[in-house]
Each structure stands twice: as C-alpha cells, then as structure tokens.
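Novice: Okay, so here is model.pdb, and as you'll see once you scroll down, it has PDB, C-alpha atoms.
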ATOM      1  CA  MET H   1      -9.395   0.406  46.022
ATOM      2  CA  THR H   2      -8.608  -3.083  44.953
ATOM      3  CA  MET H   3      -5.930  -4.745  42.933
ATOM      4  CA  SER H   4      -8.437  -5.876  40.324
ATOM      5  CA  GLY H   5      -9.488  -2.294  39.631
ATOM      6  CA  ASP H   6      -5.895  -1.396  38.887
ATOM      7  CA  MET H   7      -5.527  -4.422  36.664
ATOM      8  CA  ASP H   8      -8.717  -3.506  34.810
ATOM      9  CA  SER H   9      -7.540   0.014  34.097
ATOM     10  CA  TYR H  10      -4.163  -1.359  33.018
ATOM     11  CA  TYR H  11      -5.815  -3.687  30.515
ATOM     12  CA  LEU H  12      -8.101  -0.910  29.313
ATOM     13  CA  SER H  13      -5.220   1.465  28.676
ATOM     14  CA  PHE H  14      -3.294  -1.343  26.985
ATOM     15  CA  ILE H  15      -6.202  -2.061  24.651
ATOM     16  CA  TYR H  16      -6.768   1.650  24.049
ATOM     17  CA  GLY H  17      -3.095   2.164  23.244
ATOM     18  CA  HIS H  18      -2.900  -0.777  20.848
ATOM     19  CA  LEU H  19      -6.292  -0.631  19.159
ATOM     20  CA  PRO H  20      -5.065   1.645  16.313
ATOM     21  CA  TYR H  21      -2.370  -0.897  15.410
ATOM     22  CA  TRP H  22      -4.923  -3.714  15.391
ATOM     23  CA  LEU H  23      -7.286  -1.733  13.172
ATOM     24  CA  PHE H  24      -4.463  -1.093  10.693
ATOM     25  CA  ILE H  25      -3.603  -4.799  10.762
ATOM     26  CA  ILE H  26      -7.236  -5.742  10.059
ATOM     27  CA  LEU H  27      -7.292  -3.282   7.156
ATOM     28  CA  MET H  28      -4.058  -4.792   5.853
ATOM     29  CA  LEU H  29      -5.520  -8.289   6.105
ATOM     30  CA  SER H  30      -8.568  -7.267   4.075
ATOM     31  CA  GLY H  31      -6.170  -6.103   1.371
ATOM     32  CA  LEU H  32      -4.301  -9.403   1.582
ATOM     33  CA  PHE H  33      -7.576 -11.311   1.361
ATOM     34  CA  ILE H  34      -8.531  -9.475  -1.834
ATOM     35  CA  VAL H  35      -5.125 -10.242  -3.356
ATOM     36  CA  VAL H  36      -5.286 -13.944  -2.510
ATOM     37  CA  SER H  37      -8.952 -14.747  -3.090
ATOM     38  CA  ARG H  38      -9.989 -12.703  -6.147
ATOM     39  CA  GLY H  39      -9.096 -13.759  -9.663
ATOM     40  CA  ASN H  40      -9.563 -10.420 -11.401
ATOM     41  CA  LEU H  41      -6.184  -8.740 -11.881
ATOM     42  CA  ILE H  42      -7.412  -5.140 -11.482
ATOM     43  CA  LYS H  43      -9.054  -6.132  -8.206
ATOM     44  CA  LYS H  44      -5.775  -7.647  -7.110
ATOM     45  CA  ILE H  45      -4.057  -4.308  -7.717
ATOM     46  CA  VAL H  46      -6.764  -2.523  -5.692
ATOM     47  CA  GLY H  47      -6.193  -5.017  -2.860
ATOM     48  CA  LEU H  48      -2.453  -4.409  -3.069
ATOM     49  CA  ASN H  49      -3.079  -0.658  -2.745
ATOM     50  CA  ILE H  50      -5.246  -1.163   0.348
ATOM     51  CA  PHE H  51      -2.508  -3.369   1.826
ATOM     52  CA  GLN H  52       0.101  -0.732   1.092
ATOM     53  CA  THR H  53      -1.873   2.201   2.463
ATOM     54  CA  SER H  54      -2.565   0.391   5.725
ATOM     55  CA  VAL H  55       1.163  -0.258   6.162
ATOM     56  CA  PHE H  56       1.713   3.478   5.607
ATOM     57  CA  MET H  57      -0.886   4.238   8.301
ATOM     58  CA  PHE H  58       0.936   1.884  10.664
ATOM     59  CA  TYR H  59       4.254   3.634  10.106
ATOM     60  CA  ILE H  60       2.752   7.102  10.536
ATOM     61  CA  SER H  61       1.032   5.964  13.740
ATOM     62  CA  ILE H  62       4.433   5.016  15.191
ATOM     63  CA  GLY H  63       5.611   8.607  14.700
ATOM     64  CA  LYS H  64       2.532  10.170  16.321
ATOM     65  CA  ILE H  65       2.871  11.755  19.767
ATOM     66  CA  SER H  66      -0.308  12.524  21.732
ATOM     67  CA  GLY H  67      -0.802  16.290  21.919
ATOM     68  CA  GLY H  68       1.859  16.798  19.265
ATOM     69  CA  THR H  69       1.458  18.706  16.044
ATOM     70  CA  ALA H  70       2.804  18.485  12.498
ATOM     71  CA  PRO H  71       6.611  18.863  12.295
ATOM     72  CA  ILE H  72       6.609  22.384  10.887
ATOM     73  CA  LEU H  73       8.627  24.549  13.233
ATOM     74  CA  LEU H  74       6.127  27.076  14.584
ATOM     75  CA  ASP H  75       8.405  28.254  17.357
ATOM     76  CA  LYS H  76      11.035  29.410  14.877
ATOM     77  CA  ALA H  77       8.783  30.793  12.173
ATOM     78  CA  ALA H  78       5.820  32.169  14.123
ATOM     79  CA  GLY H  79       7.449  32.918  17.461
ATOM     80  CA  LYS H  80       5.555  30.314  19.485
ATOM     81  CA  THR H  81       7.290  28.465  22.285
ATOM     82  CA  ASP H  82       7.080  24.975  23.751
ATOM     83  CA  VAL H  83       5.431  23.185  20.873
ATOM     84  CA  LEU H  84       5.497  19.387  20.810
ATOM     85  CA  TYR H  85       6.114  17.928  17.359
ATOM     86  CA  SER H  86       5.458  14.430  16.054
ATOM     87  CA  ASN H  87       8.385  12.459  14.674
ATOM     88  CA  PRO H  88       9.192  13.621  11.100
ATOM     89  CA  LEU H  89      11.235  10.567  10.079
ATOM     90  CA  PRO H  90       8.325   8.152   9.361
ATOM     91  CA  HIS H  91       6.723  10.907   7.264
ATOM     92  CA  VAL H  92       9.827  11.167   5.069
ATOM     93  CA  LEU H  93       9.998   7.404   4.700
ATOM     94  CA  ILE H  94       6.344   7.108   3.727
ATOM     95  CA  LEU H  95       6.505  10.021   1.289
ATOM     96  CA  THR H  96       9.160   8.073  -0.612
ATOM     97  CA  ALA H  97       7.144   4.864  -0.310
ATOM     98  CA  ILE H  98       3.964   6.437  -1.737
ATOM     99  CA  VAL H  99       5.787   7.598  -4.858
ATOM    100  CA  VAL H 100       7.484   4.224  -5.328
ATOM    101  CA  GLY H 101       4.075   2.585  -4.753
ATOM    102  CA  ILE H 102       2.413   4.515  -7.569
ATOM    103  CA  ALA H 103       5.332   3.570  -9.839
ATOM    104  CA  THR H 104       4.833  -0.136  -9.125
ATOM    105  CA  THR H 105       1.057   0.224  -9.516
ATOM    106  CA  ALA H 106       1.559   1.807 -12.925
ATOM    107  CA  LEU H 107       3.889  -1.021 -13.950
ATOM    108  CA  GLY H 108       1.374  -3.620 -12.747
ATOM    109  CA  LEU H 109      -1.446  -1.977 -14.684
ATOM    110  CA  ALA H 110       0.711  -1.895 -17.827
ATOM    111  CA  LEU H 111       1.362  -5.612 -17.357
ATOM    112  CA  ILE H 112      -2.396  -6.175 -17.068
ATOM    113  CA  ILE H 113      -2.991  -4.390 -20.372
ATOM    114  CA  ARG H 114      -0.273  -6.530 -21.991
ATOM    115  CA  ILE H 115      -1.749  -9.731 -20.508
ATOM    116  CA  ARG H 116      -5.173  -8.847 -21.801
ATOM    117  CA  GLU H 117      -3.673  -8.243 -25.237
ATOM    118  CA  GLU H 118      -2.043 -11.681 -25.189
ATOM    119  CA  TYR H 119      -4.754 -13.770 -23.527
ATOM    120  CA  ASN H 120      -7.864 -11.631 -24.152
ATOM    121  CA  THR H 121      -8.865 -11.936 -20.489
ATOM    122  CA  ILE H 122      -7.795 -10.514 -17.125
ATOM    123  CA  GLU H 123      -9.171 -13.343 -14.995
ATOM    124  CA  GLU H 124      -6.425 -15.403 -13.398
ATOM    125  CA  ASP H 125      -8.427 -18.665 -13.573
ATOM    126  CA  GLU H 126      -8.872 -18.436 -17.336
ATOM    127  CA  ILE H 127      -5.217 -17.514 -17.892
ATOM    128  CA  LEU H 128      -4.078 -20.547 -15.880
ATOM    129  CA  GLU H 129      -6.467 -22.803 -17.781
ATOM    130  CA  MET H 130      -5.207 -21.527 -21.143
ATOM    131  CA  ASP H 131      -1.615 -22.041 -20.015
ATOM    132  CA  THR H 132      -2.350 -25.623 -18.942
ATOM    133  CA  GLN H 133      -4.035 -26.405 -22.250
ATOM    134  CA  ALA H 134      -1.171 -24.915 -24.238
ATOM    135  CA  TYR H 135       1.304 -26.929 -22.181
ATOM    136  CA  ARG H 136      -0.645 -30.154 -22.764
ATOM    137  CA  ALA H 137      -0.943 -29.504 -26.484
ATOM    138  CA  LYS H 138       2.791 -28.900 -26.722
ATOM    139  CA  ASN H 139       3.613 -32.082 -24.818
ATOM    140  CA  LYS H 140       1.251 -34.097 -27.017
ATOM    141  CA  ASP H 141       3.099 -32.893 -30.094
ATOM    142  CA  ASN H 142       6.419 -33.918 -28.574
ATOM    143  CA  ALA H 143       5.110 -37.393 -27.727
ATOM    144  CA  PHE H 144       3.822 -37.756 -31.285
ATOM    145  CA  GLU H 145       7.181 -36.811 -32.743
ATOM    146  CA  ILE H 146       8.969 -39.368 -30.614
ATOM    147  CA  GLU H 147       6.569 -42.114 -31.676
ATOM    148  CA  THR H 148       7.025 -41.573 -35.403
TER
ATOM    149  CA  MET B 149     -17.301  -3.829  -0.667
ATOM    150  CA  ALA B 150     -14.487  -4.445  -3.094
ATOM    151  CA  LEU B 151     -15.058  -8.147  -2.530
ATOM    152  CA  THR B 152     -18.656  -8.463  -3.635
ATOM    153  CA  LEU B 153     -18.900  -5.803  -6.319
ATOM    154  CA  ASN B 154     -18.548  -7.069  -9.868
ATOM    155  CA  HIS B 155     -18.419  -3.714 -11.628
ATOM    156  CA  LEU B 156     -14.804  -2.622 -11.706
ATOM    157  CA  PHE B 157     -15.748   1.050 -12.081
ATOM    158  CA  ALA B 158     -17.397   1.019  -8.640
ATOM    159  CA  VAL B 159     -14.446  -0.862  -7.163
ATOM    160  CA  ILE B 160     -11.950   1.675  -8.508
ATOM    161  CA  MET B 161     -13.992   4.683  -7.373
ATOM    162  CA  LEU B 162     -14.296   3.155  -3.887
ATOM    163  CA  SER B 163     -10.547   2.652  -3.826
ATOM    164  CA  GLY B 164     -10.103   6.337  -4.658
ATOM    165  CA  ALA B 165     -12.474   7.267  -1.832
ATOM    166  CA  PHE B 166     -10.479   5.008   0.485
ATOM    167  CA  SER B 167      -7.321   6.899  -0.458
ATOM    168  CA  LEU B 168      -9.008  10.201   0.334
ATOM    169  CA  VAL B 169     -10.181   8.967   3.743
ATOM    170  CA  SER B 170      -6.714   7.660   4.504
ATOM    171  CA  ALA B 171      -5.324  11.096   3.616
ATOM    172  CA  MET B 172      -7.639  12.569   6.261
ATOM    173  CA  LEU B 173      -6.337   9.989   8.723
ATOM    174  CA  PHE B 174      -2.780  11.096   7.926
ATOM    175  CA  VAL B 175      -3.763  14.701   8.754
ATOM    176  CA  VAL B 176      -5.146  13.508  12.101
ATOM    177  CA  MET B 177      -1.840  11.760  12.781
ATOM    178  CA  ASP B 178       0.135  14.982  12.068
ATOM    179  CA  ALA B 179       1.577  13.827   8.748
ATOM    180  CA  VAL B 180       0.388  16.706   6.579
ATOM    181  CA  ASP B 181       2.980  16.203   3.847
ATOM    182  CA  VAL B 182       2.084  12.524   3.569
ATOM    183  CA  ALA B 183      -1.618  13.402   3.460
ATOM    184  CA  PHE B 184      -0.975  15.849   0.642
ATOM    185  CA  THR B 185       0.920  13.269  -1.375
ATOM    186  CA  GLU B 186      -1.620  10.523  -0.691
ATOM    187  CA  ALA B 187      -4.521  12.748  -1.799
ATOM    188  CA  ALA B 188      -2.710  13.756  -4.984
ATOM    189  CA  VAL B 189      -1.112  10.430  -5.884
ATOM    190  CA  GLY B 190      -3.355   7.799  -4.269
ATOM    191  CA  ALA B 191      -6.733   9.368  -4.885
ATOM    192  CA  GLY B 192      -5.749  11.198  -8.077
ATOM    193  CA  ILE B 193      -3.147   9.588 -10.302
ATOM    194  CA  SER B 194      -3.719   6.013  -9.170
ATOM    195  CA  THR B 195      -7.479   6.252  -9.780
ATOM    196  CA  VAL B 196      -6.920   7.731 -13.231
ATOM    197  CA  LEU B 197      -4.416   4.988 -14.122
ATOM    198  CA  MET B 198      -6.791   2.253 -12.960
ATOM    199  CA  LEU B 199      -9.722   3.772 -14.836
ATOM    200  CA  SER B 200      -7.686   3.961 -18.041
ATOM    201  CA  THR B 201      -6.607   0.348 -17.571
ATOM    202  CA  MET B 202     -10.243  -0.620 -17.104
ATOM    203  CA  ALA B 203     -11.177   1.270 -20.254
ATOM    204  CA  LEU B 204      -8.499  -0.615 -22.190
ATOM    205  CA  THR B 205      -9.461  -4.030 -20.816
ATOM    206  CA  VAL B 206     -12.818  -5.073 -19.320
ATOM    207  CA  ARG B 207     -15.455  -3.463 -17.112
ATOM    208  CA  VAL B 208     -17.116  -6.391 -15.371
ATOM    209  CA  GLN B 209     -15.514  -9.102 -13.306
ATOM    210  CA  LYS B 210     -16.456 -12.699 -13.955
ATOM    211  CA  LYS B 211     -17.517 -15.006 -11.157
ATOM    212  CA  THR B 212     -14.596 -16.901  -9.679
ATOM    213  CA  LYS B 213     -14.771 -20.595  -8.919
ATOM    214  CA  ARG B 214     -12.040 -20.463  -6.327
ATOM    215  CA  GLN B 215     -12.107 -22.045  -2.909
ATOM    216  CA  ILE B 216     -12.510 -19.516  -0.100
ATOM    217  CA  ILE B 217     -11.034 -21.665   2.675
ATOM    218  CA  PHE B 218      -7.351 -21.336   1.863
ATOM    219  CA  PRO B 219      -7.308 -17.503   1.685
ATOM    220  CA  VAL B 220      -9.286 -17.242   4.924
ATOM    221  CA  LEU B 221      -6.792 -19.579   6.609
ATOM    222  CA  VAL B 222      -3.791 -17.596   5.343
ATOM    223  CA  VAL B 223      -5.335 -14.283   6.405
ATOM    224  CA  PHE B 224      -6.153 -15.554   9.905
ATOM    225  CA  LEU B 225      -2.680 -16.986  10.407
ATOM    226  CA  VAL B 226      -0.969 -13.758   9.291
ATOM    227  CA  GLY B 227      -3.360 -11.700  11.427
ATOM    228  CA  ILE B 228      -2.685 -13.704  14.571
ATOM    229  CA  LEU B 229       1.070 -13.439  14.058
ATOM    230  CA  LEU B 230       0.949  -9.682  13.433
ATOM    231  CA  ILE B 231      -1.288  -8.947  16.425
ATOM    232  CA  TYR B 232       1.019 -11.070  18.570
ATOM    233  CA  GLY B 233       3.850  -8.891  17.273
ATOM    234  CA  THR B 234       2.138  -5.651  18.369
ATOM    235  CA  LEU B 235       1.760  -6.810  21.982
ATOM    236  CA  ASP B 236       5.320  -5.687  22.764
ATOM    237  CA  MET B 237       4.910  -2.296  21.122
ATOM    238  CA  PRO B 238       4.664   0.993  23.023
ATOM    239  CA  SER B 239       1.177   2.502  23.177
ATOM    240  CA  PHE B 240      -0.113   4.661  20.346
ATOM    241  CA  GLY B 241       0.958   8.285  20.828
ATOM    242  CA  SER B 242       3.429   7.677  23.645
ATOM    243  CA  PHE B 243       6.239  10.257  23.723
ATOM    244  CA  ASP B 244       8.910   7.973  25.221
ATOM    245  CA  SER B 245       8.804   5.134  22.681
ATOM    246  CA  PRO B 246      12.100   4.063  21.044
ATOM    247  CA  ALA B 247      11.062   5.650  17.755
ATOM    248  CA  GLN B 248      10.920   9.111  19.366
ATOM    249  CA  MET B 249      14.117   8.951  21.423
ATOM    250  CA  HIS B 250      16.915   9.226  18.902
ATOM    251  CA  LEU B 251      17.040  10.757  15.447
ATOM    252  CA  GLY B 252      13.610  12.359  15.191
ATOM    253  CA  SER B 253      14.117  14.894  17.969
ATOM    254  CA  LYS B 254      17.648  15.601  16.770
ATOM    255  CA  TYR B 255      16.394  16.556  13.312
ATOM    256  CA  LEU B 256      13.789  18.806  14.940
ATOM    257  CA  GLN B 257      16.584  20.642  16.768
ATOM    258  CA  ILE B 258      19.155  21.075  14.010
ATOM    259  CA  THR B 259      16.971  21.561  10.914
ATOM    260  CA  TYR B 260      16.237  25.257  11.341
ATOM    261  CA  LYS B 261      19.871  26.035  12.125
ATOM    262  CA  ASP B 262      21.092  24.097   9.079
ATOM    263  CA  MET B 263      18.455  24.890   6.471
ATOM    264  CA  GLY B 264      16.526  27.925   7.609
ATOM    265  CA  ILE B 265      13.181  26.467   6.522
ATOM    266  CA  PRO B 266      10.513  25.546   9.060
ATOM    267  CA  ASN B 267       9.208  22.358   7.381
ATOM    268  CA  VAL B 268      11.312  19.532   8.799
ATOM    269  CA  VAL B 269       9.905  16.823   6.500
ATOM    270  CA  THR B 270      10.864  18.755   3.377
ATOM    271  CA  ALA B 271      14.308  19.527   4.790
ATOM    272  CA  ILE B 272      15.057  15.873   5.535
ATOM    273  CA  LEU B 273      13.587  14.629   2.258
ATOM    274  CA  ALA B 274      15.386  17.041  -0.027
ATOM    275  CA  SER B 275      18.613  17.659   1.857
ATOM    276  CA  TYR B 276      19.614  15.259   4.627
ATOM    277  CA  ARG B 277      18.249  12.299   2.676
ATOM    278  CA  GLY B 278      18.798  13.803  -0.768
ATOM    279  CA  TYR B 279      20.449  10.660  -2.124
ATOM    280  CA  ASP B 280      17.441   8.602  -1.010
ATOM    281  CA  THR B 281      15.186  10.862  -3.026
ATOM    282  CA  LEU B 282      17.568  10.595  -5.983
ATOM    283  CA  GLY B 283      17.286   6.796  -5.750
ATOM    284  CA  GLU B 284      13.520   7.140  -5.624
ATOM    285  CA  THR B 285      13.512   9.105  -8.858
ATOM    286  CA  VAL B 286      15.622   6.346 -10.416
ATOM    287  CA  VAL B 287      12.952   3.827  -9.365
ATOM    288  CA  VAL B 288      10.237   5.989 -10.901
ATOM    289  CA  LEU B 289      12.290   6.351 -14.086
ATOM    290  CA  THR B 290      12.732   2.585 -14.293
ATOM    291  CA  ALA B 291       9.009   2.006 -13.791
ATOM    292  CA  GLY B 292       8.217   4.603 -16.442
ATOM    293  CA  LEU B 293      10.606   2.924 -18.890
ATOM    294  CA  GLY B 294       8.978  -0.425 -18.127
ATOM    295  CA  VAL B 295       5.510   0.962 -18.809
ATOM    296  CA  ILE B 296       6.698   2.513 -22.092
ATOM    297  CA  LEU B 297       8.349  -0.737 -23.208
ATOM    298  CA  LEU B 298       5.247  -2.777 -22.319
ATOM    299  CA  LEU B 299       2.770  -0.476 -23.983
ATOM    300  CA  SER B 300       4.685   0.846 -26.986
ATOM    301  CA  ASP B 301       3.347  -0.293 -30.374
ATOM    302  CA  LEU B 302       0.048  -1.153 -28.717
ATOM    303  CA  LYS B 303      -1.841   0.428 -31.588
ATOM    304  CA  LYS B 304       0.424  -1.091 -34.205
ATOM    305  CA  ARG B 305      -0.131  -4.596 -32.823
ATOM    306  CA  LYS B 306      -3.842  -3.998 -32.625
ATOM    307  CA  ASN B 307      -3.998  -2.929 -36.277
ATOM    308  CA  ARG B 308      -1.971  -5.951 -37.365
ATOM    309  CA  ASP B 309      -4.461  -8.254 -35.640
TER
END
Will you turn the file into structure tokens for me?
Specialist:
Amino acid sequence: MTMSGDMDSYYLSFIYGHLPYWLFIILMLSGLFIVVSRGNLIKKIVGLNIFQTSVFMFYISIGKISGGTAPILLDKAAGKTDVLYSNPLPHVLILTAIVVGIATTALGLALIIRIREEYNTIEEDEILEMDTQAYRAKNKDNAFEIET
Amino acid sequence: MALTLNHLFAVIMLSGAFSLVSAMLFVVMDAVDVAFTEAAVGAGISTVLMLSTMALTVRVQKKTKRQIIFPVLVVFLVGILLIYGTLDMPSFGSFDSPAQMHLGSKYLQITYKDMGIPNVVTAILASYRGYDTLGETVVVLTAGLGVILLLSDLKKRKNRD
C-alpha cells in the first residue's frame, strides 16, 4: 500500500468531515446575496432569515457527535446504559437565538409597514430616489433664500 | 428560487417550507428542542407575520435596476474567507473536538442530580442559564413595544389621509 493511497483517504475524510460546514456556508451566502442584491424589503427580510437559520445549523452541527442521540437522559429515566449524547449547550444557545430572531423579524416587518405608509413603496431603489429628490428640493429652497 | 420569483406570496411560502426542512435537519443533528422551536416559530409565526405584512403592503415585487456585480463580489469574498476559516475546524461529528470536552459533558453529568428532569436542554435553559432566558424575554418585550409604537394609530392615520 502506497503513501498516495493514505493521502487520498486522508483528503477524502477531511472533505467528508467538513462538507456540512461548507454547505451551511453556501446557504448563508445565498441569504447574504438576497439581502445585498434585492431591492424589495420583504425579500430582504426573507434573505436575513435564511442567513440566520444557516448560522443556527452551523452551531448545531458543532454540537453533533456521530452515533450520539438527543440530550434527554435515557439512562436515568428509562434505565438504559451507555448512551452517547450530543452537546446540549449549542441547543440552548440557538433556542434563545431563534426567539430573539423572530422578535427582530417582527420589528423589521413593522418598520416595513411604516415605510410603506410614509413612502407608498417598499422598493429600496424608489425610496432612495425619493430621498434624493427631497434633499435636492430642500437645498434649492435654501439657495433661493440666500440669493434674495 | 427566492431570487427570481416576483410574487411575494410564493417567496414567503417557500421561506416557510425552508424553515420546516431546516427543522428536520435539526432533528437529524439531535437538536429536538431546537427543531420544535424552529417549526413553531420559523415556519409558523414568522410566515404569518410576513404574510400579514404582505397583505398590508404590496404583493408583487418590481424589477430592480441594480448592478449584480458588486453583490456577487462581496458574496464570493465572504465565502472564501469563511471556508478558509473552517479548514482548521474538527470534523463534523467528532467526539473529541474542543466544543465537546468541557462544559457540555459536565452538564450531562450533573443535571439529573441537580434538577431531577431528564431533558438537559430544558434544565440548562430554565435553571442554569435562567438569567439568560430572563434577558431574552426582555429583548422580546422591547421588540413588542417597538412594534406597538410603530404600528399604533395606523388606522387613525389612514383615515386622516
């Protein structure tokens, strides 16, 4: 058996062990892309949610142990022995984060409703354009006042 | 899918489906409590909130005239940096990674002695980290107050206009 065979299996196990992280990162990037590239504010919130959920997946994947099970103590409650449990700490952290996430989502959606009330649109491009025009109009008035 | 669709209803329903699938993924990764919360909050409440926002605003997205190059560049740069960051990480599912060595196993040992309930996640959330959860409720309260302040008198303002 050769050295290269060993190296190949090492690389394969490395890729196999890190592929979940990379998939979560790609999912996160798709969320980021939606946030940056789309002008519609509701779509931005959806992208933010995708971003958030993929970060949650990443955290949970750190706590996972192969062959482990959910951290509910079977050996104490049901009399089983030698059970391997996954790490409960990331689960606690993410439970808190999900609830905080829905709170921020709700606040963002309320802001969208308010923006639509004020500007009558939820497209970022149009809002920016209206702001620029308002700014120009205001400055023109000021210049006029100074002249007279 | 969420990129090309113009109908916000479809986008929001797909986002709800995504939440449900991610809840299944959490079950696969042994996080049953997280899966439960994600299915209830992510697929349930969040979808309802987005649908009601859509009903109060608009249903169809307008075409954007934005450049695509800058976002693609940003996304690629961030992706390369993040994947470079994972190269040092322990493999997925390894039992001897730093995250497993310290507190997690300790909680698994002492929880039943201290609390007498078998669910470790609940025990940590409500008891060992009780103040954390209290802070979380404060955050939710603040967000709720913000929503109320933003949306109160919505009808009154509408009638005035």
Novice: Name the residues captured by the PyMOL selection byres ((chain H and resi 21) around 12) when it is applied to the shown file; answer as JSON, numbers by chain.
Specialist: {"H": [14, 15, 16, 17, 18, 19, 20, 22, 23, 24, 25, 26, 27, 28, 54, 55, 56, 57, 58, 59, 60, 61, 62], "B": [227, 230, 231, 232, 233, 234, 235, 236, 237, 238, 239, 240, 241]}
Novice: Starting from the shown file, work through the PyMOL selection byres ((chain B and resi 252) around 9) and note down what comes out as a PyMOL selection string.
Specialist: (chain H and resi 63+86-90) or (chain B and resi 247-251+253-257)
Novice: Rounded to one decimal in Å, what is the spacing between atom CA of Ala106 of chain H and atom CA of Val223 of chain B?
Specialist: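 Atom CA of Val223 of chain B lies at a distance of 26.1 Å from atom CA of Ala106 of chain H.
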Novice: Excluding Gly39 of chain H and its own-chain neighbours fewer than 6 positions away, which residues fall within 10 Å of it when counting all atoms listed in the file? Please give them as a VMD selection string.
Specialist: (chain H and resid 122 to 127) or (chain B and resid 209 to 214)
Novice: Do you know which residues the PyMOL selection byres ((chain H and resi 37) around 8) returns on this file, as a list in words?
Specialist: Phe33, Ile34, Val35, Val36, Arg38 and Gly39 of chain H; Arg214, Gln215, Ile216 and Pro219 of chain B
